[in-house]
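Colleague: Please read through the structure below; I'll follow up with questions.
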Amino acid sequence: MTMSTLLEIKTSVLRQVQNRQSFRRRAEAAPSISTQDSIRATGASREDSQNGDFFERMKNILQKHEYVQRSGRLESLVGSTAPAPPESIGQAKAVEKVKLTRRELDMLYEEVLYTVVHQTGVASCEQVISEDELFSYLQKVFGVSGNEHEAILQKVKEAKVPGRVLKVTVVQARNLLAKDANGYSDPYCMLGIMIGQSPRDTEEKKERKFSFRKKKDKIEKRSSIREVIPAKCIQVTEVKNQTLNPVWNEQFQFEIDDIYSDQFHLDIWDHDDDVSVAEACKKLNEVSGFKGMGRYFKQIVKSARANGTASAVTEENMDDFLGCLNISVNEIPVGGLDKWFKLEPRSSSSRVQGDCHIILNLITTQRDTALCKKTSSSNIQEMLLNQLLEHEHKEYVTGFENWNGELSKHACTILSHHASQNGLLPLQQAVIKWQAYSKHHQIQSLEYTFLLELLKNIEEQWDHVGLEGEQEQSLTESFNLFTEYCLLLLKKLRENFPVTSNAAIIRLEYLLRCLSQIYSMEAFKKVCPFHNELHVETATFLKKGTLEWYEKTYGSFKPESKNELEQLRALVKLSDAVQTDIQRSQNVYNKLFASIVKVDLFSVTYRQLEKLVADNVVVIMEELCLRLEQEGIKMTQNMGETLFELYLSLKELKHFREFLPLKDNKSLALSGFHEWFKTSIHRWLQIVHEKTCERIQKAVEMDKLEYVDALSKHSSSAVDVTTCVSHIKDFWIQLAWPDPEGAFIFVTQLTDDVCNAAVRYSDIIKRKVDRSYQTNGQINITHQMCIVLNNIEHVRKFIGNLPKELDWKSLETAVEQSCGAESKQQIQKALSNQQQNMEHEMQREVRNMTLLLTEKMIGDINKYIQHISLSPDSIQNDDAVSPLMKFLDDKLIILSESLVKENLSRVLKALWQLLLKLILDAVAANRGVSAEFYGRFYYTLEALVEFFHAEGQGLALDVLKSGDYKILEEELRLNKCGTYELIEQYYLDKLKQQRSIEQSKYGRISVKCYYETSEQKLYVEVLHAADLIALDTNGLSDPFVIVELCPHHIFPLARSQRTQVKNKTLHPVYDELFYFSVAPEQCRKKSACILFTVMDHDWLSTNDFAGEAIIPLHDIHGLNKPTVLGGVKNVQPMVLRLTRPKLSAKPIQKMLEGRTTDKDAQDFVKRLKEMEKSMGDDI
């Protein structure tokens, strides 16, 4: 078999390894310990129910609190579409439904019919115009039969017709013309009612606008008085000096004789003198006999001036016209008219500009109804609205939504007519609406958004005048009733506004907005001056409600018996319920209360509930701890689980203190709650360790030593162990013991327990595979041993993260803050020792298992190495090595498929060291054999390196070529060489050593070397030496230099030459030139060199060795370096440092010495020994 054939075998081996989950696959995807390993289905599912239930319950306890936190966060983000529950204040409602008597209903019905029959104003398109429709609707509202309706309607028609009055508010004007020299005007208004006109007059009016004042010539031309106004109907505003945007806000009333033909007229004039036109108008209206007579405004002005200081009035002193308005009374809508009107000219030649803001309302007087004579119009309006609300709410049909208060067109029309006819102001109407709707809401719920708009409407309409006494008292009562009702709802916050309903939370938001709106209103401050602050009232009711909820909740959990376990379980349920409630307060409720009514609901609720829970828990825990310590009762598993669950629940409850304001998070009842559990936690840890050991024992028994899945290389018991450790880790994380000293005790106990459990597992699983060795074959046992090794490594890596998982760093920091730096150092030392011991134990278990696995292969490997050793020299190297390589290939495939990357690396390293040791033993047992013997093993070593390196996917070269490898490689490499090769290697080593010397205590020598190609001569000039060592008793030496070409077998004809002896000096100067007749091919040999040996000449004894230096021939000028003009004389000198080699340490000397039958080897060794002898004692 040739070398190429063996390389093909190696390539095939590598390919098989790669195809069978070899090094390359592991390099690309190394397996790791993941969280999934801890929860993967394992043999633990076949455990006895008690242990299985224990760890499952432990896991559920830990996950329960995570679920509570997560669900609490989700509640605040993802609400439910569930409907809001009906509102309940838990007691009789403050507002009872008021039923009108039949007599009262009849009077109210009469009032409404009277309103409909005597409609005033123009109905809008959104109102009902038909009387019959309104009568039909009212019959349904009041439950009146047809006959009853006709009777009451007839009575209404026979009643006295009400009087009509036009209420006018002149608000302001803007952008008027400037009539005075100063760029302003002094405007005032004159207004009145123009009586109905004939059709001819109407046509004439289209051509010319009416004005109270006419020029004298035009007045004299008119004899008709149809366009005149009764003097009593003329009203004048105040004069506003020097402005183009006057503001009057003056109110006037005018009786209307004919609402179908009368017109409202307004003039705006610029006043030009000091005469009071308004006073003149007033006096003129008081003059007897003027009734029914027409008088123009010019007469009023003249009268005013005649009574003034002016003696003569000219046309130039007349006031200037600024504009006018004409509005038909029959165009005024039911609800009145409130708008800006563009000023009109009185004729086509008039120049005017600007607008005037006017409010017009038509009202009735002297209403001939029984109810009007008994109570005020505002009370009647509220009675009517209450009656309509009751009917309209019954007609409102929906699923679960509250009514938004929207009335039908018929109801709105009737209310509008009644309010307009009775002259109810917008503020009065807004108050009446609020009173009626707020009381109705307390009987049948309405939308709070609608109620909030009603409150805002009151605030918008509110002015400094306010309301009259009776209506103000009614408003006070409605505010008080509504706020008390809302506060009672907040008292039962959890029942009325559950966080599981988005609709309920929205309802709560607008309820709070209603309360906030009320308490911020000027109206509320006026009518309820002695109220408490809203946040105080709200907090008081919330506290009462929280206490009631807590007592009810605890009562539902509290067991009838005094069994300690049942009491603990009740406390767990109570604490969980409180935690959920506080979380809801924080995530949902608090945002609304804090932003709207400025109440920190979370802080109020947390401080109250935290104190209540602590008071209940401490009583039971003190009794239990007393029994555990003094009576020595044993803690049961169920009690331990319940105590742990209670501890976690209280810890989470205490955690909420972090969200309190800094001033409120001190002196809380749960601050030191962990002290109540110190005794029970110690007992609980003992139970956990016992159950862990039991589970490990059972897991190993159930383990079939098969892969847990296709991606893993460990079996089920390893997952069981890591699952137990994971549970313990989670237990510690959730425990979060706040006391550093106690935490240190607990963490060391936990670490010891985990380490002991891991070592115990390693021991049990190894014994299991040892027992199966008797019944299984070698291949199967190797596979099982690989799985066991993987199991131990899996556990080792998992618990190696324990210090980080248990957060030792935080513990050290806490100890330092609590007890000082010295205590921290003690803790660090203790924990570090514990970690080192834990790692040492696990590494020892892994190492022992690795050695056990490789020891199973010693016999086979020895057999194949013996085969290589005994192979005759005639056999090819690859034939001698192939059985060993085939064996390793088969084993590597098994190991690669069975071991994880870390373990495969360990096994390969152990196997490599084993191979080196066995080969060294084989070589040592065969000293002095042929070079072919060493060549075979050198070939074997090279093949093994390539095999184990596997093109970079196996062991690293620096790992392979270290330690025993270097010794073995050098011995094999040199022993396989011939004598001349060894000698050449000897000089190559000397050249390498010469290049590495930077300083020397033996001195230096200066020389020149040059090869003359034309002469084929090598010229060597020894110049001088310096700082030689003293070898004579006088402290000096008698040095001379021997120059020779080496190795001698390359230069067989070149004899050595020597310089003269320089007596008694350590710095001899020679300047002697030597030449050697040698061919350039000889000089270019890699090992060809010039050796300079400095000797001390002795007359009576052998010469002493002082030092030597060596230079390679291929590196001098004339050969591989350029020629130098002038030859050796012009070559730069070389300074060589002298050395004194330790020949006895050279392995080449030993190898040559062992070749006793080789004359060249023996001669060379002889010369070396002679030189060694001449060195004396300083070797």
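Following the order of the structure tokens, first chain is A, next is B, and so on, with residues numbered from 1 inside each chain and ligands from 1 in the order they appear.
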Can you tell me, as a PyMOL selection string, what residues are no more than 10 Å from stretch 1064-1073 of chain A when counting only C-alpha atoms, ignoring any on the same chain fewer than 3 positions away?
Modeller: chain A and resi 1003-1009+1019-1032+1034-1041+1058-1061+1096+1128-1129
Colleague: List the spatial neighbours of A:Ala523 as a ChimeraX atom specification - criterion: any atom at most 8 Å away, only C-alpha atoms, same-chain residues fewer than 5 positions off excluded.
Modeller: /A:458-459,462,466
Colleague: So that I can see what lies close to stretch 783-799 of chain A, please list as an mmCIF file with C-alpha atoms, in the first residue's frame the residues with an atom at most 8 Å from it, counting only C-alpha atoms and leaving out residues fewer than 3 positions away in the same chain.
Modeller:
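In the end it all went to selection-v9.cif:
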data_model
loop_
_atom_site.group_PDB
_atom_site.id
_atom_site.type_symbol
_atom_site.label_atom_id
_atom_site.label_comp_id
_atom_site.auth_asym_id
_atom_site.auth_seq_id
_atom_site.Cartn_x
_atom_site.Cartn_y
_atom_site.Cartn_z
ATOM 1 C CA ILE A 33 -27.960 24.096 28.168
ATOM 2 C CA LEU A 705 -29.636 5.672 29.117
ATOM 3 C CA GLU A 706 -31.102 6.746 25.809
ATOM 4 C CA TYR A 707 -31.079 10.167 24.221
ATOM 5 C CA LYS A 713 -26.950 13.749 23.723
ATOM 6 C CA HIS A 714 -28.001 13.270 27.324
ATOM 7 C CA SER A 715 -30.668 11.091 28.830
ATOM 8 C CA SER A 717 -32.119 11.682 34.324
ATOM 9 C CA ALA A 718 -29.844 14.635 33.449
ATOM 10 C CA VAL A 721 -31.537 16.843 37.780
ATOM 11 C CA THR A 722 -31.374 20.203 36.008
ATOM 12 C CA VAL A 725 -31.901 22.602 40.278
ATOM 13 C CA VAL A 754 -27.214 21.456 44.862
ATOM 14 C CA CYS A 755 -23.558 20.392 44.793
ATOM 15 C CA ALA A 758 -25.037 16.719 41.596
ATOM 16 C CA SER A 762 -22.786 11.375 39.219
ATOM 17 C CA ILE A 765 -25.383 7.082 37.352
ATOM 18 C CA LYS A 766 -21.805 5.681 37.168
ATOM 19 C CA VAL A 769 -23.488 1.836 33.999
ATOM 20 C CA ILE A 779 -20.085 -1.204 21.771
ATOM 21 C CA ASN A 780 -23.232 -0.823 23.790
ATOM 22 C CA LEU A 802 -25.497 28.747 39.808
ATOM 23 C CA GLU A 839 -16.420 22.961 40.210
ATOM 24 C CA MET A 842 -17.810 18.092 39.068
ATOM 25 C CA GLN A 843 -14.569 18.275 37.042
ATOM 26 C CA GLU A 845 -16.395 13.336 38.146
ATOM 27 C CA VAL A 846 -16.078 14.270 34.454
ATOM 28 C CA MET A 849 -15.558 9.161 33.633
ATOM 29 C CA THR A 850 -13.376 10.273 30.703
ATOM 30 C CA LEU A 853 -13.940 5.537 28.850
ATOM 31 C CA ILE A 894 -18.997 6.209 17.731
ATOM 32 C CA LEU A 895 -17.640 8.949 19.983
ATOM 33 C CA SER A 898 -22.414 9.846 21.168
ATOM 34 C CA LEU A 899 -20.591 12.733 22.855
ATOM 35 C CA VAL A 900 -21.265 16.422 23.129
ATOM 36 C CA ASN A 903 -16.787 15.722 26.151
#
Colleague: Which polymer residues have any atom within 10 Å of an atom of A:Met639, counting only C-alpha atoms, with same-chain residues fewer than 6 positions away left out, as a ChimeraX atom specification?
Modeller: /A:564-566,568-569,645,680,684
Colleague: Please report the interatomic distance between atom CA of A:Ala943 and atom CA of A:Val881 in Å with one decimal.
Modeller: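 Computing it gives 8.4 Å between the two atoms.
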